[in-house]
Amino acid sequence: MTSAARTTTAAVERAVLARALEEAGPEAPTLCAGWDAQDLAAHLVMRDGHLDLLARRRIPTPGAHFRGEPPAEGVLDFSDLLERFAAGAPRWSPARIGSLDEAMNTLEFFVHAEDVLRAGAETPSCRRDLDPAVEARLWSFAAKTLFLAAARSQHLRVAWVSPGFGAVTHGRRRDPLQIVEGAPGELVLRAFGRGQVADVTVREV
C-alpha cells in the first residue's frame with residue numbers, strides 16, 4: 001500500500017490505522033458497535049470524501065451485512081478500501097492542507113486505530129507506546145474541544161488531568177465534579193466513549 005508523504009500527526013495515525021486494519025483482516029471486530037474492520041474501512045473512505053466513488057456507488061455501506069442486506073455488485077473490496085484510505089484524502093479535499101488535516105483527523109484516526117487494536121483484547125499488551133510528541137498533539141486538540149463536548153454530554157463538570165501535559169476543567173459549576181486522570185491518548189478514548197478500554201483513574205468529588 002502507498003501512503004501520503006506527509007509528516008503530520010494525522011498522517012502518522014492514518015498509517016497506523018491502515019496497517020492495523022490490514023493486519024486484522026476484513027472480518028476482525030472493532031470497538032464500533034455493529035462494525036467489523038471492513039465496515040470501518042468503508043466509513044473512512046467515505047469520510048475522506050471520495051466523491052468519485054460515491055457517484056458510482058462503489059463504497060460498501062458500513063454495517064450492511066449486520067442488517068442482513070445482500071452484498072451489492074461492483075463495490076470496492078477490503079484491499080481496495082485500504083489502498084484508497086492509505087493514499088490519503090482526494091486532491092480536492094481540505095485535508096490535503098497539513099493544518100486542516102491535523103484538526104480534522106488526528107483524534108479521529110487515533111481513536112479508530114485503537115478501535116481495531118484493542119477490540120476483544122483482554123490485556124493491555126496491545127497498547128501502543130506513543131511518542132510524547134503524539135501524546136502532546138492529542139492533548140492539545142482534545143483540551144480545546146473534545147473534553148468540553150464530553151463533559152456536556154455527560155452533564156458533569158470534569159477535570160481532565162494528564163501528568164506532564166496539563167489539566168483542564170469543563171462543565172457547569174453546579175454539576176457534579178469528576179476527576180479523570182491518565183495519559184492523553186487514554187483520556188481521548190474515554191472522551192470518545194471508549195471508557196471500557198481506556199486506562200484512566202476516575203474519582204468523584
# chains A, B, ... in the order shown; residues from 1 in each chain; ligands from 1
call {"tool": "residues_around", "arguments": {"residues": "Ser162 of chain A", "least_positions_apart": "3", "cutoff": "12 Å", "atoms": "only C-alpha atoms", "output": "list in words"}}
result
Glu135, Ala136, Leu138, Trp139, Ser140, Ala142, Ala143, Ala159, Phe165, Gly166, Ala167, Val168, Thr169, Ile179, Val180, Glu181, Gly182, Ala183, Pro184, Gly185, Glu186, Leu187, Val188, Asp199, Val200 and Thr201 of chain A
call {"tool": "residues_around", "arguments": {"residues": "segment 34-39 of chain A", "least_positions_apart": "3", "cutoff": "10 Å", "atoms": "only C-alpha atoms", "output": "PyMOL selection string"}}
result
chain A and resi 20-22+24-31+42-44+59-67+77-79+81-82+115-116+119
call {"tool": "write_last_selection", "arguments": {"atoms": "C-alpha atoms", "output": "PDB file, in the first residue's frame"}}
result
ATOM      1  CA  ALA A  20      -3.886  -2.131  11.880  1.00  0.00           C
ATOM      2  CA  LEU A  21      -6.811  -2.763   9.542  1.00  0.00           C
ATOM      3  CA  GLU A  22      -4.645  -4.661   7.070  1.00  0.00           C
ATOM      4  CA  ALA A  24      -6.571  -7.501  11.389  1.00  0.00           C
ATOM      5  CA  GLY A  25      -8.388  -8.511   8.199  1.00  0.00           C
ATOM      6  CA  PRO A  26     -11.860  -7.538   6.944  1.00  0.00           C
ATOM      7  CA  GLU A  27     -13.891  -9.586   9.424  1.00  0.00           C
ATOM      8  CA  ALA A  28     -11.991  -8.543  12.538  1.00  0.00           C
ATOM      9  CA  PRO A  29     -14.051  -6.954  15.309  1.00  0.00           C
ATOM     10  CA  THR A  30     -13.760  -3.297  16.246  1.00  0.00           C
ATOM     11  CA  LEU A  31     -14.962  -1.204  19.169  1.00  0.00           C
ATOM     12  CA  ALA A  42     -15.603   1.879   4.201  1.00  0.00           C
ATOM     13  CA  HIS A  43     -16.518   4.612   6.690  1.00  0.00           C
ATOM     14  CA  LEU A  44     -13.010   6.060   6.484  1.00  0.00           C
ATOM     15  CA  ILE A  59     -18.199   2.002  -1.476  1.00  0.00           C
ATOM     16  CA  PRO A  60     -19.907  -0.675   0.637  1.00  0.00           C
ATOM     17  CA  THR A  61     -22.354   0.613   3.233  1.00  0.00           C
ATOM     18  CA  PRO A  62     -20.922   0.169   6.738  1.00  0.00           C
ATOM     19  CA  GLY A  63     -22.873  -2.386   8.761  1.00  0.00           C
ATOM     20  CA  ALA A  64     -24.928  -3.641   5.781  1.00  0.00           C
ATOM     21  CA  HIS A  65     -24.184  -7.305   6.425  1.00  0.00           C
ATOM     22  CA  PHE A  66     -25.180  -6.940  10.086  1.00  0.00           C
ATOM     23  CA  ARG A  67     -28.541  -5.654   8.872  1.00  0.00           C
ATOM     24  CA  ASP A  77     -13.199  -4.917  -1.677  1.00  0.00           C
ATOM     25  CA  PHE A  78     -11.220  -4.611   1.546  1.00  0.00           C
ATOM     26  CA  SER A  79      -7.797  -4.262  -0.077  1.00  0.00           C
ATOM     27  CA  LEU A  81     -10.598   0.348   0.500  1.00  0.00           C
ATOM     28  CA  LEU A  82      -7.321   0.205   2.396  1.00  0.00           C
ATOM     29  CA  ASP A 115     -10.824   0.616  17.921  1.00  0.00           C
ATOM     30  CA  VAL A 116      -9.061  -2.033  15.860  1.00  0.00           C
ATOM     31  CA  ALA A 119     -11.106  -4.838  20.126  1.00  0.00           C
TER      32      ALA A 119
END
call {"tool": "select_by_dssp", "arguments": {"residues": "segment 12-203 of chain A", "states": "strand (DSSP E)", "output": "list in words"}}
result
Arg157, Val158, Ala159, Trp160, Val161, Ser162, Gly166, Ala167, Val168, Thr169, His170, Leu177, Gln178, Ile179, Val180, Glu181, Thr201, Val202 and Arg203 of chain A
call {"tool": "write_last_selection", "arguments": {"atoms": "N, CA and C atoms", "output": "mmCIF file, in the first residue's frame"}}
result
data_model
loop_
_atom_site.group_PDB
_atom_site.id
_atom_site.type_symbol
_atom_site.label_atom_id
_atom_site.label_comp_id
_atom_site.auth_asym_id
_atom_site.auth_seq_id
_atom_site.Cartn_x
_atom_site.Cartn_y
_atom_site.Cartn_z
ATOM 1 N N ARG A 157 -19.237 18.114 35.498
ATOM 2 C CA ARG A 157 -18.082 19.011 35.469
ATOM 3 C C ARG A 157 -16.869 18.110 35.605
ATOM 4 N N VAL A 158 -16.052 18.038 34.567
ATOM 5 C CA VAL A 158 -14.951 17.075 34.522
ATOM 6 C C VAL A 158 -13.614 17.785 34.509
ATOM 7 N N ALA A 159 -12.753 17.358 35.418
ATOM 8 C CA ALA A 159 -11.359 17.803 35.409
ATOM 9 C C ALA A 159 -10.542 16.712 34.720
ATOM 10 N N TRP A 160 -10.013 17.038 33.555
ATOM 11 C CA TRP A 160 -9.190 16.102 32.795
ATOM 12 C C TRP A 160 -7.729 16.379 33.154
ATOM 13 N N VAL A 161 -7.056 15.392 33.716
ATOM 14 C CA VAL A 161 -5.706 15.586 34.242
ATOM 15 C C VAL A 161 -4.753 14.596 33.577
ATOM 16 N N SER A 162 -3.672 15.121 33.009
ATOM 17 C CA SER A 162 -2.661 14.265 32.396
ATOM 18 C C SER A 162 -1.282 14.718 32.859
ATOM 19 N N GLY A 166 -0.830 18.516 31.309
ATOM 20 C CA GLY A 166 -1.681 19.611 31.745
ATOM 21 C C GLY A 166 -2.955 19.132 32.409
ATOM 22 N N ALA A 167 -3.825 20.085 32.681
ATOM 23 C CA ALA A 167 -5.120 19.793 33.282
ATOM 24 C C ALA A 167 -6.106 20.864 32.832
ATOM 25 N N VAL A 168 -7.315 20.440 32.492
ATOM 26 C CA VAL A 168 -8.382 21.370 32.127
ATOM 27 C C VAL A 168 -9.669 20.896 32.775
ATOM 28 N N THR A 169 -10.527 21.849 33.110
ATOM 29 C CA THR A 169 -11.819 21.517 33.696
ATOM 30 C C THR A 169 -12.916 22.121 32.840
ATOM 31 N N HIS A 170 -13.891 21.294 32.495
ATOM 32 C CA HIS A 170 -15.015 21.745 31.679
ATOM 33 C C HIS A 170 -16.324 21.322 32.335
ATOM 34 N N LEU A 177 -18.682 17.106 40.188
ATOM 35 C CA LEU A 177 -17.309 17.139 39.682
ATOM 36 C C LEU A 177 -16.728 15.733 39.624
ATOM 37 N N GLN A 178 -16.121 15.434 38.499
ATOM 38 C CA GLN A 178 -15.446 14.157 38.289
ATOM 39 C C GLN A 178 -14.016 14.449 37.849
ATOM 40 N N ILE A 179 -13.057 13.768 38.424
ATOM 41 C CA ILE A 179 -11.652 13.925 38.046
ATOM 42 C C ILE A 179 -11.213 12.679 37.279
ATOM 43 N N VAL A 180 -10.766 12.876 36.058
ATOM 44 C CA VAL A 180 -10.321 11.770 35.210
ATOM 45 C C VAL A 180 -8.849 11.981 34.899
ATOM 46 N N GLU A 181 -8.027 11.023 35.261
ATOM 47 C CA GLU A 181 -6.576 11.169 35.104
ATOM 48 C C GLU A 181 -6.005 10.038 34.262
ATOM 49 N N THR A 201 -7.890 6.792 35.626
ATOM 50 C CA THR A 201 -8.379 6.760 37.002
ATOM 51 C C THR A 201 -9.488 7.794 37.130
ATOM 52 N N VAL A 202 -10.629 7.370 37.665
ATOM 53 C CA VAL A 202 -11.788 8.253 37.779
ATOM 54 C C VAL A 202 -12.154 8.412 39.254
ATOM 55 N N ARG A 203 -12.295 9.674 39.659
ATOM 56 C CA ARG A 203 -12.696 9.967 41.043
ATOM 57 C C ARG A 203 -13.873 10.913 41.034
#
call {"tool": "residues_around", "arguments": {"residues": "segment 189-192 of chain A", "least_positions_apart": "3", "cutoff": "8 Å", "atoms": "only C-alpha atoms", "output": "PyMOL selection string"}}
result
chain A and resi 111+146-147+150+185-186+195-198+200
